[in-house]
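Enquirer: Next up, final_39.cif (mmCIF, C-alpha atoms).
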data_target
loop_
_atom_site.label_atom_id
_atom_site.label_comp_id
_atom_site.auth_asym_id
_atom_site.auth_seq_id
_atom_site.Cartn_x
_atom_site.Cartn_y
_atom_site.Cartn_z
CA MET I 12 40.15 106.38 222.37
CA GLN I 13 38.93 109.91 221.60
CA SER I 14 41.67 112.45 220.81
CA PRO I 15 41.19 116.07 221.84
CA PRO I 16 40.53 118.46 218.92
CA GLU I 17 44.03 119.94 219.10
CA ILE I 18 45.65 116.50 218.69
CA ALA I 19 43.22 115.69 215.86
CA ARG I 20 44.09 118.99 214.15
CA MET I 21 47.79 118.21 214.54
CA GLU I 22 47.29 114.80 212.96
CA GLY I 23 45.38 116.48 210.14
CA GLN I 24 48.48 118.54 209.37
CA HIS I 25 50.80 115.54 209.38
CA GLY I 26 50.58 115.15 205.60
CA PHE I 27 52.23 118.55 205.26
CA GLN I 28 54.94 117.55 207.73
CA ARG I 29 55.66 114.36 205.77
CA ARG I 30 56.02 116.36 202.54
CA PHE I 31 58.21 118.86 204.33
CA TRP I 32 60.51 116.09 205.62
CA VAL I 33 61.00 115.00 201.99
CA ALA I 34 61.74 118.64 200.98
CA GLU I 35 64.12 118.89 203.94
CA ARG I 36 66.11 115.85 202.72
CA ILE I 37 66.23 117.28 199.20
CA GLY I 38 67.48 120.53 200.74
CA TRP I 39 70.26 118.66 202.56
CA LEU I 40 71.30 117.02 199.28
CA ALA I 41 71.33 120.44 197.61
CA MET I 42 73.47 121.83 200.44
CA ALA I 43 75.88 118.88 200.12
CA GLY I 44 75.96 119.47 196.34
CA LEU I 45 76.80 123.12 196.92
CA VAL I 46 79.71 122.22 199.21
CA LEU I 47 80.94 119.59 196.73
CA ALA I 48 80.75 122.09 193.86
CA ALA I 49 82.73 124.57 195.96
CA LEU I 50 85.38 121.94 196.76
CA LEU I 51 85.70 121.16 193.05
CA GLY I 52 86.15 124.85 192.30
CA LEU I 53 82.89 125.36 190.40
CA LEU I 54 81.89 128.31 192.57
CA GLY I 55 85.14 130.25 192.28
CA GLY I 56 87.78 130.69 194.93
CA GLY I 57 90.04 127.89 193.61
CA GLY I 58 89.66 124.13 193.20
CA PRO I 59 90.68 121.34 190.80
CA LEU I 60 88.05 122.12 188.14
CA GLY I 61 88.19 125.87 188.59
CA THR I 62 91.32 126.57 186.59
CA ALA I 63 91.72 126.45 182.81
CA GLU I 64 94.80 126.73 180.64
CA ARG I 65 95.19 127.82 177.04
CA ARG I 66 97.99 128.56 174.60
CA VAL I 67 97.50 131.41 172.13
CA GLU I 68 100.28 131.90 169.54
CA GLY I 69 103.00 130.90 171.97
CA VAL I 70 101.47 132.73 174.95
CA SER I 71 100.37 130.39 177.74
CA VAL I 72 97.61 131.55 180.01
CA SER I 73 96.11 130.03 183.11
CA TRP I 74 92.94 131.55 184.54
CA ALA I 75 90.01 130.86 186.84
CA ARG I 76 86.96 129.77 184.87
CA PHE I 77 84.68 130.55 187.78
CA GLN I 78 85.07 133.84 189.57
CA ARG I 79 83.16 135.80 192.16
CA LEU I 80 82.03 139.37 191.81
CA GLY I 81 84.38 141.59 193.82
CA LEU I 82 87.02 138.90 194.41
CA ALA I 83 90.41 139.41 192.75
CA THR I 84 91.48 136.17 191.03
CA PRO I 85 94.94 135.30 189.64
CA LEU I 86 95.64 135.16 185.90
CA ARG I 87 99.04 133.77 184.96
CA ILE I 88 100.67 134.43 181.61
CA THR I 89 103.89 132.97 180.22
CA LEU I 90 105.31 134.75 177.19
CA PRO I 91 107.56 133.18 174.56
CA PRO I 92 111.27 134.14 174.84
CA GLY I 93 112.20 137.54 173.44
CA VAL I 94 108.65 138.91 173.40
CA PRO I 95 108.18 142.14 175.35
CA ALA I 96 105.55 142.01 178.07
CA ALA I 97 102.92 144.48 176.91
CA LEU I 98 99.39 144.43 178.27
CA ARG I 99 96.62 146.35 176.57
CA PRO I 100 93.07 146.16 177.92
CA PRO I 101 90.51 146.45 175.10
CA ALA I 102 87.70 149.00 175.04
CA GLY I 103 85.04 148.27 177.64
CA PHE I 104 87.44 146.34 179.88
CA ALA I 105 87.08 148.74 182.81
CA ALA I 106 83.31 148.33 182.86
CA ARG I 107 83.61 144.61 183.62
CA TRP I 108 87.02 144.03 185.19
CA ARG I 109 89.42 145.73 187.55
CA LEU I 110 93.13 144.99 187.25
CA ARG I 111 94.27 144.85 190.86
CA ASP I 112 98.00 144.26 190.38
CA THR I 113 100.58 142.89 187.98
CA THR I 114 103.80 141.13 188.92
CA ALA I 115 106.49 140.13 186.44
CA GLY I 116 109.01 137.32 186.97
CA ALA I 117 112.75 138.01 186.93
CA ASP I 118 113.09 137.17 183.22
CA GLY I 119 110.02 139.18 182.30
CA ARG I 120 108.34 136.15 180.71
CA ASP I 121 106.08 135.18 183.58
CA LEU I 122 103.32 137.60 184.47
CA ALA I 123 100.93 137.25 187.38
CA LEU I 124 97.85 139.47 187.34
CA HIS I 125 95.01 139.77 189.77
CA ILE I 126 91.76 140.63 188.06
CA GLU I 127 88.49 141.36 189.82
CA PRO I 128 85.11 141.05 188.08
CA VAL I 129 83.13 144.24 188.70
CA GLY I 130 80.42 144.03 186.02
CA ALA I 131 77.32 141.90 185.92
CA PRO I 132 77.32 138.31 187.16
CA GLY I 133 76.83 135.45 184.68
CA PRO I 134 78.83 134.24 181.67
CA GLN I 135 81.45 136.81 180.64
CA ARG I 136 84.47 137.05 178.33
CA LEU I 137 87.74 138.26 179.79
CA ARG I 138 89.50 139.94 176.89
CA LEU I 139 93.04 141.21 177.22
CA GLU I 140 95.72 141.94 174.63
CA VAL I 141 99.05 140.48 175.70
CA ALA I 142 102.19 140.98 173.56
CA GLY I 143 100.02 141.59 170.49
CA ARG I 144 97.89 138.46 171.03
CA MET I 145 94.25 138.86 171.99
CA LEU I 146 93.26 136.58 174.85
CA ASP I 147 89.53 135.85 174.89
CA LEU I 148 88.81 133.77 177.98
CA PRO I 149 85.37 132.47 179.01
CA VAL I 150 84.61 133.13 182.66
CA PHE I 151 81.51 132.54 184.72
CA VAL I 152 81.06 135.26 187.33
CA TRP I 153 79.08 134.34 190.45
CA PRO I 154 77.28 137.13 192.28
CA MET V 4 69.59 149.94 196.18
CA GLU V 5 72.27 147.24 196.27
CA SER V 6 72.31 147.12 200.10
CA VAL V 7 68.54 146.59 200.22
CA LEU V 8 68.71 143.79 197.64
CA ARG V 9 71.67 142.15 199.39
CA ALA V 10 69.91 142.25 202.77
CA ALA V 11 66.64 140.92 201.34
CA ALA V 12 68.41 138.10 199.46
CA LEU V 13 70.47 137.10 202.48
CA TYR V 14 67.39 137.17 204.73
CA LEU V 15 65.59 134.76 202.40
CA VAL V 16 68.63 132.50 201.99
CA LEU V 17 69.13 132.29 205.76
CA LEU V 18 65.42 131.68 206.29
CA VAL V 19 65.45 128.74 203.85
CA LEU V 20 68.71 127.30 205.25
CA VAL V 21 67.58 127.52 208.87
CA ARG V 22 64.22 125.99 207.94
CA LEU V 23 65.90 123.18 205.98
CA THR V 24 68.27 122.27 208.77
CA GLY V 25 65.19 121.55 210.82
CA ARG V 26 63.84 122.18 214.25
CA ARG V 27 66.36 119.93 215.93
CA SER V 28 69.25 122.28 215.27
CA MET V 29 67.54 125.15 217.10
CA ARG V 30 65.72 123.02 219.65
CA GLU V 31 67.88 123.94 222.58
CA THR V 32 70.56 126.57 222.24
CA SER V 33 73.79 125.03 223.42
CA ALA V 34 77.10 126.85 223.81
CA PHE V 35 78.13 125.54 220.39
CA ASP V 36 74.91 126.81 218.77
CA LEU V 37 75.81 130.23 220.09
CA VAL V 38 79.31 129.98 218.58
CA LEU V 39 77.75 128.82 215.29
CA LEU V 40 75.39 131.79 215.26
CA LEU V 41 78.29 134.18 215.83
CA VAL V 42 80.28 132.59 213.01
CA ILE V 43 77.27 132.80 210.66
CA GLY V 44 76.92 136.47 211.62
CA GLU V 45 80.58 137.12 210.81
CA ALA V 46 80.35 135.22 207.52
CA THR V 47 77.32 137.15 206.36
CA GLN V 48 78.51 140.58 207.47
CA GLN V 49 80.67 141.20 204.41
CA ALA V 50 77.97 140.00 202.03
CA LEU V 51 75.47 142.33 203.70
CA LEU V 52 77.60 145.45 203.78
CA GLY V 53 79.89 144.95 200.78
CA GLU V 54 82.63 147.56 200.87
CA ASP V 55 80.36 150.27 202.18
CA PHE V 56 80.84 150.64 205.93
CA SER V 57 78.92 153.91 206.18
CA LEU V 58 76.27 154.54 208.80
CA VAL V 59 73.64 154.96 206.09
CA ASN V 60 74.41 151.53 204.67
CA ALA V 61 74.30 149.87 208.11
CA VAL V 62 70.96 151.53 208.89
CA LEU V 63 69.59 150.52 205.48
CA VAL V 64 70.58 146.89 205.99
CA VAL V 65 69.12 146.74 209.50
CA VAL V 66 65.89 148.44 208.40
CA THR V 67 65.55 146.06 205.43
CA LEU V 68 66.07 142.99 207.63
CA LEU V 69 63.58 144.19 210.24
CA LEU V 70 61.06 145.15 207.57
CA MET V 71 61.38 141.70 205.99
CA ASP V 72 60.71 140.21 209.42
CA VAL V 73 57.63 142.36 209.94
CA GLY V 74 56.42 141.53 206.43
CA LEU V 75 56.85 137.83 207.06
CA SER V 76 54.97 137.98 210.37
CA LEU V 77 52.10 139.81 208.63
CA LEU V 78 52.08 137.18 205.88
CA LYS V 79 51.97 134.39 208.47
CA GLN V 80 49.10 136.12 210.23
CA ARG V 81 47.07 136.29 207.02
CA SER V 82 47.92 132.94 205.50
CA GLU V 83 47.85 129.64 207.35
CA ALA V 84 49.72 127.98 204.47
CA ALA V 85 52.54 130.53 204.75
CA GLU V 86 52.69 129.98 208.50
CA ARG V 87 52.96 126.22 207.98
CA VAL V 88 55.78 126.63 205.48
CA ILE V 89 57.71 129.25 207.46
CA ASP V 90 57.22 128.00 211.01
CA GLY V 91 56.35 124.34 210.51
CA VAL V 92 53.65 122.35 212.24
CA PRO V 93 53.62 120.41 215.54
CA THR V 94 54.21 116.68 215.23
CA LEU V 95 52.89 113.97 217.51
CA LEU V 96 55.82 111.77 218.61
CA VAL V 97 54.32 109.61 221.35
CA ALA V 98 50.70 108.49 221.56
CA ASP V 99 49.38 106.69 224.64
CA GLY V 100 52.88 105.90 225.86
CA LYS V 101 53.96 104.37 222.54
CA PRO V 102 56.72 106.13 220.58
CA ILE V 103 55.98 106.63 216.87
CA GLU V 104 59.38 105.44 215.68
CA GLU V 105 59.15 106.63 212.07
CA ARG V 106 58.31 110.20 213.13
CA LEU V 107 61.00 110.24 215.81
CA ARG V 108 63.57 109.14 213.23
CA ARG V 109 62.49 111.67 210.61
CA ALA V 110 62.33 114.50 213.14
CA ARG V 111 65.78 113.49 214.46
CA VAL V 112 64.46 113.18 217.99
CA ASP V 113 65.06 110.11 220.13
CA VAL V 114 63.11 108.66 222.99
CA THR V 115 65.67 109.97 225.51
CA ASP V 116 64.84 113.54 224.35
CA VAL V 117 61.17 112.86 225.00
CA LEU V 118 61.92 111.32 228.39
CA GLN V 119 64.15 114.26 229.27
CA ALA V 120 61.34 116.70 228.48
CA ALA V 121 58.92 114.55 230.49
CA ARG V 122 61.32 114.45 233.43
CA ILE V 123 62.10 118.18 233.41
CA ARG V 124 58.58 119.47 232.88
CA HIS V 125 56.43 116.92 234.70
CA GLY V 126 58.75 114.75 236.79
CA LEU V 127 57.74 111.70 234.74
CA VAL V 128 60.20 108.84 234.39
CA GLY V 129 58.61 106.40 231.95
CA LEU V 130 56.96 106.44 228.53
CA GLU V 131 53.88 104.75 229.98
CA GLN V 132 53.31 107.93 232.02
CA ILE V 133 53.09 110.00 228.84
CA ARG V 134 49.81 110.25 226.98
CA TRP V 135 51.06 112.47 224.18
CA ALA V 136 54.43 113.96 223.36
CA VAL V 137 54.48 116.67 220.73
CA LEU V 138 57.42 118.20 218.89
CA GLU V 139 56.28 121.80 218.66
CA ALA V 140 56.96 124.07 215.69
CA ASP V 141 59.58 125.95 217.75
CA GLY V 142 61.47 122.71 218.44
CA THR V 143 60.44 122.18 222.06
CA ILE V 144 58.83 118.94 223.19
CA SER V 145 55.49 119.24 224.98
CA ILE V 146 54.36 116.44 227.23
CA ILE V 147 50.77 115.63 228.12
CA PRO V 148 50.89 113.16 231.01
CA ALA V 149 48.73 110.06 231.10
CA ALA V 150 45.97 110.08 233.67
CA ARG V 151 47.06 108.53 236.95
CA PRO V 152 44.82 105.97 238.63
CA GLY V 153 42.02 107.86 240.29
CA ASP V 154 42.26 110.84 237.91
CA SER V 155 39.34 111.49 235.58
CA ARG V 156 40.67 111.38 232.00
CA PRO V 157 39.83 114.38 229.83
#
As structure tokens, how would this structure be written, given the file I've shared?

Expert:
Amino acid sequence: MQSPPEIARMEGQHGFQRRFWVAERIGWLAMAGLVLAALLGLLGGGGPLGTAERRVEGVSVSWARFQRLGLATPLRITLPPGVPAALRPPAGFAARWRLRDTTAGADGRDLALHIEPVGAPGPQRLRLEVAGRMLDLPVFVWP
Amino acid sequence: MESVLRAAALYLVLLVLVRLTGRRSMRETSAFDLVLLLVIGEATQQALLGEDFSLVNAVLVVVTLLLMDVGLSLLKQRSEAAERVIDGVPTLLVADGKPIEERLRRARVDVTDVLQAARIRHGLVGLEQIRWAVLEADGTISIIPAARPGDSRP
């Protein structure tokens, strides 16, 4: 049976459609991967793999390894007993980070800070001097 | 500059996402599709405007989005390959009354969708009355009826 030219042309383009269906499925997998990564905390905004902890000369720090540009993220610090809570941002801090707020616990040992990345996206170091100890924390900043 | 880049990036991201989710999702706008579009609009608003709610920024974002749209339509007009990628191509789903199952499955269309289109547009009630059914690039289903006895077939 003879097909009209328009149907024949459509069938001629079917190879493209088949390839596109494959690309579409790959796209769905990528979208599912993105959601999974977000649930795990790899894209910032919290999640089981998104938080890291470290102890530096008696100072415990818990921070978000993945952060988003413009989103304030908590940074928790626990100081050893008897150490005064003194925070000193190093030179260049203001160009990359904005300290939104600081809250101290009743005993002055627990500090909760909210820090917002304001510099360039990508791998960054969050440096902050706390009670004479220099914290140097690796952070990935998403745009 | 940032507003223009944000708008351009978001335009491209949305274009890719909408294209990847396929024609089925935009085939017929249901009440839920409308809600989904509103939610997407709300979710993207902050990313588009950032913290700058000035009139200049809003105008810049709108102009960038519209300009991207015009640019894309010009590109499609000049390049058939670009048109295929951006808009998609029509797909034959039924030939001589026989559904092409593999294509229906991949295009996420079922026979009842084809029959519904046949019923609404031509008052046809059976696959045997359909010569060709085509899923168009815009997601609608076109029906070319089979010749009835006594008709001269094209």

Enquirer: V:Val117, V:Pro148, V:Gly100, V:Pro93: which is nearest chain I, counting all atoms listed in the file?

Expert: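 Closest candidate: V:Pro93.
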
Enquirer: Please return, as a ChimeraX atom specification, all residues of chain I lying within 10 Å of chain V when all atoms listed in the file are considered.

Expert: /I:12-15,18-22,24-25,27-29,31-39,42,81

Enquirer: Just checking: using all atoms listed in the file, which residue out of I:Val141, I:Ile126, I:Ala131, I:Ala105 ends up closest to Pro85 of chain I?

Expert: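 Residue with the minimum atom-to-atom distance to Pro85 of chain I: I:Ile126.
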
Enquirer: Could you list as a list in words every residue that has an atom within 12 Å of (56.4, 112.1, 233.8), using the file's coordinates and counting all atoms listed in the file?

Expert: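 With a cut-off of 12 Å, the residues come to Gly100, Val117, Leu118, Gln119, Ala120, Ala121, Arg122, Ile123, Arg124, His125, Gly126, Leu127, Val128, Gly129, Leu130, Glu131, Gln132, Ile133, Arg134, Trp135, Ala136, Ser145, Ile146, Ile147, Pro148, Ala149, Ala150 and Arg151 of chain V.
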
Enquirer: When the PyMOL selection byres ((chain I and resi 121) around 7) is applied to the structure above, which residues does it catch, written out as a ChimeraX atom specification?

Expert: /I:88-90,115-116,119-120,122-123

Enquirer: Please determine, counting only C-alpha atoms, which residue among I:Ala83, I:Val72, I:Arg30, I:Leu139 has the shortest atom-to-atom distance to Ala102 of chain I.

Expert: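 Looking only at the distances to Ala102 of chain I, the closest residue turns out to be I:Leu139.
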
Enquirer: Find the residues near segment 61-72 of chain V: any atom within 8 Å, counting all atoms listed in the file, skip ones fewer than 3 places away on the same chain, and give them as a VMD selection string.

Expert: chain V and resid 6 to 7 10 to 11 14 51 to 52 56 to 58 75 to 76

Enquirer: Here is a test: counting only C-alpha atoms, which residue of I:Leu50, I:Leu80, I:Leu86, I:Val94 is nearest to Glu127 of chain I?

Expert: I:Leu80
